[in-house]
Amino acid sequence: MTTHISTALSRIAPSQTTAITDRATQLREEGADIISLSVGEPDFASPPHVLEAAKVALDTGQTKYTPVGGTAPMKRAAALHFARDLGIEVPVSQVTVSSGGKQSIFHALVATISEGEEAIIPSPWWVSYPEIVRFAGGQVVPLVTSPKDNFRFTAGQLEAQIGPRTQWLLLNSPGNPTGAYYPADMLRSLGDVLRRHPRVMVMSDDIYAPINYTGESHATLANLCPDLAERIVTISGVSKSHAMTGFRIGVAAGPEWLIRAMEKLQSHSSGNPSSISQAAAIAAFEGPQDFLEEWRERFRARRDMVVSAINDIPGLSTPVPDGAFYCMVDAAPLMERFGDDKQLALQLLDHGVAIVPASGFGGRDGFRISFAAAEDKLEEALRRIAASLA
Ligand code: GLU
C-alpha cells in the first residue's frame, strides 16, 4: 500500500510511554489482570473544587472558543502560579496556555529549531524531548548521566557538549524518568556556563516542581539567574501537581517573542485549550494548595517502599529519586538472561506488570517504574516483578 508519510514524521518513533499504557489498557479491557506502572499519572481524584469549577463552566455556557493562548483570567492564574510557586515574576504577555505541557514543549521547539540545529538533552530523557527535536529537523546531543551521580550532569559536562550549533538545553527538574533534581547551587553553576554561550536557550520543564522530596523549596533557573530569563522558557501545568492529566492544560512563561511564536503555531494546530479545562485550571491555581503537601508525603512513602523493594530484588537496583514519581531501575545483571530491556518488559507484562523499558528514554538495560499508582497496586506489582525474575 502506498503511504504518504512526511520526511519529518519518518524521523520519529511513537511515544513508548503512551504506547505501552494504551497496550496495558487494551489488555485489561480484554480481561487480563495488568497493573500499569507505565504512565506518570497520579491515581488521586482531581480536587473537588476543580471539578466544581468545570461544572460551573459547563452550566454557564463557557463552551465556546477562547483566545488561542488562554482567556485573560486563565493567563492571570498562570502568572500567579509562576510567581507564587516558581518565583518567576512575569506579566501576562509573557505567559501562554496550551493543551498540556507536552504541547507547549512541542510548540516552543518546533517554532524555533531550524534544520541541523542542536538540542542538548540529558539522558535518560523523557520520551518526547528527542522526538520533538528530530521532528523539527534538529539534532539531538545526548548528555549522558549515570545512577551513581543520581542522574545529574555537572556544569563542566554541559560545557563540553556545547558547540557552535547548540540552540537548546532541555532541563527537567525534578526529572522524568529519573527523579533527578538540580538544587540551587548546581543551577547557578549551569547559569555560569550559559552566560559564556549567549546563543543557547533553555527549556526548563518544571512540571514536577511540587513533588520534591529534598525539603528545599523548588529551585529554577529563571528565578535564580534573572539575567538569563530572556532565553529561558519555563513549562508547568496542573496535570501532575493537581491530578488533572485528562484536562490537558499546560502553561509556559518566557520571552515575549517566543510566547508569541508558540501562540502563532498553536493558532494553526489546536487553537485554544479547552474552555472547560481552563476554568478548572484557574480553580486549581487560585484555590487551596495545602493538599499538595499531603500528596507529596504520600508519594514519598510510595517512593521509599518502591526503592527498598526494588533494591531487594536480585539483579535490580535504583538510586533514591529526589523528586517526581519515577524510579529508573538498573537491570544490567539480568541482560544476559533477557537479551535486552524490551524483552524484560515483555516478560513483566506477561506477569501482569506494565513498565517502560529504559531504552524508551535513551537509557539501556533497565526500566522506569511510575509510583504514582495506589499503594496496594504498587505492592502487588512489586511482588509480581520479584516472582517473575526469581
Ligand atoms: N509524562 C507522562 C509519562 O512520562 C505521561 C505520558 C507521556 O505523555 O509521556 O508517563
# chains A, B, ... in the order shown; residues from 1 in each chain; ligands from 1
call {"tool": "residues_near_ligand", "arguments": {"ligand": "ligand 1", "cutoff": "8 Å", "atoms": "only C-alpha atoms and all ligand atoms", "output": "list in words"}}
result
Ser15, Gln16, Thr17, Thr18, Ser38, Val39, Gly40, Glu41, Lys102, Trp126, Val127, Ser128, Asn176, Pro177 and Ser370 of chain A
call {"tool": "write_last_selection", "arguments": {"atoms": "all heavy atoms", "output": "mmCIF file, in the first residue's frame"}}
result
data_model
loop_
_atom_site.group_PDB
_atom_site.id
_atom_site.type_symbol
_atom_site.label_atom_id
_atom_site.label_comp_id
_atom_site.auth_asym_id
_atom_site.auth_seq_id
_atom_site.Cartn_x
_atom_site.Cartn_y
_atom_site.Cartn_z
ATOM 1 N N SER A 15 5.516 7.517 20.898
ATOM 2 C CA SER A 15 5.839 7.628 22.323
ATOM 3 C C SER A 15 5.680 6.274 23.000
ATOM 4 O O SER A 15 4.609 5.667 22.936
ATOM 5 C CB SER A 15 4.910 8.652 22.984
ATOM 6 O OG SER A 15 4.890 8.455 24.377
ATOM 7 N N GLN A 16 6.742 5.804 23.628
ATOM 8 C CA GLN A 16 6.660 4.487 24.288
ATOM 9 C C GLN A 16 5.839 4.526 25.564
ATOM 10 O O GLN A 16 5.234 3.532 25.945
ATOM 11 C CB GLN A 16 8.066 3.972 24.595
ATOM 12 C CG GLN A 16 8.746 3.455 23.357
ATOM 13 C CD GLN A 16 9.705 2.326 23.677
ATOM 14 O OE1 GLN A 16 9.445 1.477 24.534
ATOM 15 N NE2 GLN A 16 10.829 2.324 23.003
ATOM 16 N N THR A 17 5.820 5.671 26.237
ATOM 17 C CA THR A 17 5.021 5.736 27.470
ATOM 18 C C THR A 17 3.538 5.587 27.128
ATOM 19 O O THR A 17 2.814 4.829 27.768
ATOM 20 C CB THR A 17 5.227 7.080 28.208
ATOM 21 O OG1 THR A 17 5.098 8.137 27.266
ATOM 22 C CG2 THR A 17 6.563 7.153 28.882
ATOM 23 N N THR A 18 3.111 6.304 26.092
ATOM 24 C CA THR A 18 1.687 6.225 25.748
ATOM 25 C C THR A 18 1.381 4.887 25.071
ATOM 26 O O THR A 18 0.329 4.295 25.302
ATOM 27 C CB THR A 18 1.247 7.418 24.873
ATOM 28 O OG1 THR A 18 2.123 7.502 23.762
ATOM 29 C CG2 THR A 18 1.305 8.711 25.624
ATOM 30 N N SER A 38 3.253 2.202 33.987
ATOM 31 C CA SER A 38 3.949 2.710 32.804
ATOM 32 C C SER A 38 3.716 4.192 32.572
ATOM 33 O O SER A 38 4.437 4.815 31.821
ATOM 34 C CB SER A 38 3.511 1.934 31.562
ATOM 35 O OG SER A 38 2.106 2.000 31.415
ATOM 36 N N VAL A 39 2.739 4.748 33.219
ATOM 37 C CA VAL A 39 2.462 6.157 32.946
ATOM 38 C C VAL A 39 2.561 6.993 34.210
ATOM 39 O O VAL A 39 2.247 6.515 35.308
ATOM 40 C CB VAL A 39 1.067 6.322 32.276
ATOM 41 C CG1 VAL A 39 -0.070 6.090 33.253
ATOM 42 C CG2 VAL A 39 0.924 7.675 31.611
ATOM 43 N N GLY A 40 3.018 8.214 34.037
ATOM 44 C CA GLY A 40 3.138 9.124 35.165
ATOM 45 C C GLY A 40 1.838 9.850 35.381
ATOM 46 O O GLY A 40 1.656 10.976 34.917
ATOM 47 N N GLU A 41 0.937 9.165 36.094
ATOM 48 C CA GLU A 41 -0.395 9.749 36.287
ATOM 49 C C GLU A 41 -0.846 9.496 37.715
ATOM 50 O O GLU A 41 -1.111 8.342 38.081
ATOM 51 C CB GLU A 41 -1.375 9.106 35.311
ATOM 52 C CG GLU A 41 -2.795 9.545 35.528
ATOM 53 C CD GLU A 41 -3.682 9.139 34.365
ATOM 54 O OE1 GLU A 41 -3.936 7.935 34.193
ATOM 55 O OE2 GLU A 41 -4.090 10.039 33.623
ATOM 56 N N LYS A 102 3.116 19.032 27.210
ATOM 57 C CA LYS A 102 3.726 18.447 26.012
ATOM 58 C C LYS A 102 3.505 19.345 24.792
ATOM 59 O O LYS A 102 4.384 19.515 23.972
ATOM 60 C CB LYS A 102 3.118 17.058 25.771
ATOM 61 C CG LYS A 102 3.829 16.266 24.717
ATOM 62 C CD LYS A 102 3.260 14.885 24.412
ATOM 63 C CE LYS A 102 2.781 14.055 25.546
ATOM 64 N NZ LYS A 102 2.760 12.599 25.236
ATOM 65 N N TRP A 126 13.038 12.230 28.983
ATOM 66 C CA TRP A 126 11.615 11.938 28.791
ATOM 67 C C TRP A 126 11.391 11.673 27.300
ATOM 68 O O TRP A 126 11.902 12.394 26.439
ATOM 69 C CB TRP A 126 10.749 13.110 29.268
ATOM 70 C CG TRP A 126 9.291 12.889 28.980
ATOM 71 C CD1 TRP A 126 8.565 11.773 29.306
ATOM 72 C CD2 TRP A 126 8.418 13.747 28.273
ATOM 73 N NE1 TRP A 126 7.274 11.903 28.852
ATOM 74 C CE2 TRP A 126 7.160 13.114 28.207
ATOM 75 C CE3 TRP A 126 8.565 15.006 27.684
ATOM 76 C CZ2 TRP A 126 6.061 13.681 27.582
ATOM 77 C CZ3 TRP A 126 7.475 15.576 27.071
ATOM 78 C CH2 TRP A 126 6.233 14.915 27.034
ATOM 79 N N VAL A 127 10.626 10.628 27.006
ATOM 80 C CA VAL A 127 10.486 10.110 25.636
ATOM 81 C C VAL A 127 10.265 11.157 24.553
ATOM 82 O O VAL A 127 10.789 11.026 23.438
ATOM 83 C CB VAL A 127 9.315 9.106 25.522
ATOM 84 C CG1 VAL A 127 9.692 7.768 26.049
ATOM 85 C CG2 VAL A 127 8.052 9.595 26.193
ATOM 86 N N SER A 128 9.479 12.175 24.850
ATOM 87 C CA SER A 128 9.074 13.075 23.762
ATOM 88 C C SER A 128 10.114 14.140 23.416
ATOM 89 O O SER A 128 10.086 14.690 22.316
ATOM 90 C CB SER A 128 7.743 13.748 24.107
ATOM 91 O OG SER A 128 6.729 12.770 24.173
ATOM 92 N N ASN A 176 11.803 13.472 34.832
ATOM 93 C CA ASN A 176 11.225 12.239 34.327
ATOM 94 C C ASN A 176 12.223 11.714 33.297
ATOM 95 O O ASN A 176 12.583 12.483 32.397
ATOM 96 C CB ASN A 176 9.883 12.591 33.650
ATOM 97 C CG ASN A 176 9.191 11.419 32.997
ATOM 98 O OD1 ASN A 176 9.643 10.301 33.072
ATOM 99 N ND2 ASN A 176 8.076 11.699 32.335
ATOM 100 N N PRO A 177 12.746 10.516 33.362
ATOM 101 C CA PRO A 177 12.284 9.369 34.133
ATOM 102 C C PRO A 177 13.129 9.034 35.366
ATOM 103 O O PRO A 177 12.982 7.948 35.906
ATOM 104 C CB PRO A 177 12.456 8.232 33.121
ATOM 105 C CG PRO A 177 13.742 8.595 32.400
ATOM 106 C CD PRO A 177 13.735 10.093 32.334
ATOM 107 N N SER A 370 6.651 3.987 37.368
ATOM 108 C CA SER A 370 5.965 5.152 37.919
ATOM 109 C C SER A 370 5.337 4.730 39.244
ATOM 110 O O SER A 370 4.616 3.736 39.288
ATOM 111 C CB SER A 370 4.879 5.637 36.953
ATOM 112 O OG SER A 370 3.975 6.458 37.671
#
call {"tool": "select_by_dssp", "arguments": {"residues": "region 315-381 of chain A", "states": "strand (DSSP E)", "output": "number ranges by chain"}}
result
A: 326-330, 353-354, 356-357, 366-370
call {"tool": "atom_distance", "arguments": {"atom1": "CA of Glu297 (chain A)", "atom2": "CA of Ile121 (chain A)"}}
result
29.7 Å
call {"tool": "atom_distance", "arguments": {"atom1": "CA of Pro42 (chain A)", "atom2": "CA of Phe106 (chain A)"}}
result
22.9 Å
call {"tool": "closest_residue", "arguments": {"among": "A:Ala309, A:Met203, A:Ala332, A:Leu349", "to": "Glu379 (chain A)", "atoms": "only C-alpha atoms"}}
result
A:Ala309
call {"tool": "select_by_dssp", "arguments": {"residues": "region 43-148 of chain A", "states": "helix (DSSP H, G or I)", "output": "ChimeraX atom specification"}}
result
/A:48-59,72-86,92-94,101-110,128-135,147-148
call {"tool": "closest_residue", "arguments": {"among": "A:Glu380, A:Asp85, A:Asp365, A:Glu131", "to": "Phe338 (chain A)", "atoms": "only C-alpha atoms"}}
result
A:Asp365
call {"tool": "closest_residue", "arguments": {"among": "A:Pro47, A:Gly271, A:Pro164, A:Pro14", "to": "Gly116 (chain A)", "atoms": "only C-alpha atoms"}}
result
A:Pro164
call {"tool": "atom_distance", "arguments": {"atom1": "CA of Gln103 (chain A)", "atom2": "CA of Tyr129 (chain A)"}}
result
11.3 Å
call {"tool": "residues_around", "arguments": {"residues": "Val306 (chain A)", "least_positions_apart": "6", "cutoff": "9 Å", "atoms": "only C-alpha atoms", "output": "ChimeraX atom specification"}}
result
/A:327,369,371,378-379,382
call {"tool": "residues_around", "arguments": {"residues": "Glu256 (chain A)", "least_positions_apart": "6", "cutoff": "9 Å", "atoms": "only C-alpha atoms", "output": "VMD selection string"}}
result
chain A and resid 93 to 95 230
call {"tool": "write_last_selection", "arguments": {"atoms": "N, CA and C atoms", "output": "PDB file, in the first residue's frame"}}
result
ATOM      1  N   SER A  93       1.581  39.010  29.380  1.00  0.00           N
ATOM      2  CA  SER A  93       2.021  38.968  27.968  1.00  0.00           C
ATOM      3  C   SER A  93       3.144  37.943  27.765  1.00  0.00           C
ATOM      4  N   GLN A  94       3.758  37.495  28.860  1.00  0.00           N
ATOM      5  CA  GLN A  94       4.835  36.504  28.742  1.00  0.00           C
ATOM      6  C   GLN A  94       4.407  35.107  29.202  1.00  0.00           C
ATOM      7  N   VAL A  95       3.099  34.905  29.195  1.00  0.00           N
ATOM      8  CA  VAL A  95       2.542  33.623  29.624  1.00  0.00           C
ATOM      9  C   VAL A  95       1.641  33.095  28.522  1.00  0.00           C
ATOM     10  N   GLU A 230      15.660  36.046  29.629  1.00  0.00           N
ATOM     11  CA  GLU A 230      15.294  36.341  28.235  1.00  0.00           C
ATOM     12  C   GLU A 230      15.493  35.137  27.318  1.00  0.00           C
TER      13      GLU A 230
END
call {"tool": "closest_residue", "arguments": {"among": "A:Val353, A:Leu389, A:Ala374, A:Met74", "to": "Thr21 (chain A)", "atoms": "only C-alpha atoms"}}
result
A:Val353
call {"tool": "residues_around", "arguments": {"residues": "Met244 (chain A)", "least_positions_apart": "4", "cutoff": "12 Å", "atoms": "only C-alpha atoms", "output": "ChimeraX atom specification"}}
result
/A:40-48,50-51,54,99-101,237-240,248-250,277-278,280-281,283-285
call {"tool": "residues_around", "arguments": {"residues": "region 55-59 of chain A", "least_positions_apart": "2", "cutoff": "8 Å", "atoms": "only C-alpha atoms", "output": "mmCIF file with C-alpha atoms, in the first residue's frame"}}
result
data_model
loop_
_atom_site.group_PDB
_atom_site.id
_atom_site.type_symbol
_atom_site.label_atom_id
_atom_site.label_comp_id
_atom_site.auth_asym_id
_atom_site.auth_seq_id
_atom_site.Cartn_x
_atom_site.Cartn_y
_atom_site.Cartn_z
ATOM 1 C CA LEU A 51 -14.441 19.628 39.321
ATOM 2 C CA GLU A 52 -16.946 22.169 40.611
ATOM 3 C CA ALA A 53 -15.347 24.938 38.516
ATOM 4 C CA GLY A 61 -22.200 28.183 28.725
ATOM 5 C CA GLN A 62 -18.424 28.577 28.698
ATOM 6 C CA THR A 63 -18.327 26.164 25.813
ATOM 7 C CA SER A 275 -12.588 26.283 27.692
ATOM 8 C CA ILE A 276 -13.874 23.915 30.420
ATOM 9 C CA ALA A 279 -11.956 27.096 34.092
#
call {"tool": "closest_residue", "arguments": {"among": "A:Arg195, A:Glu375, A:Ala222, A:His107", "to": "Ile88 (chain A)", "atoms": "only C-alpha atoms"}}
result
A:Ala222
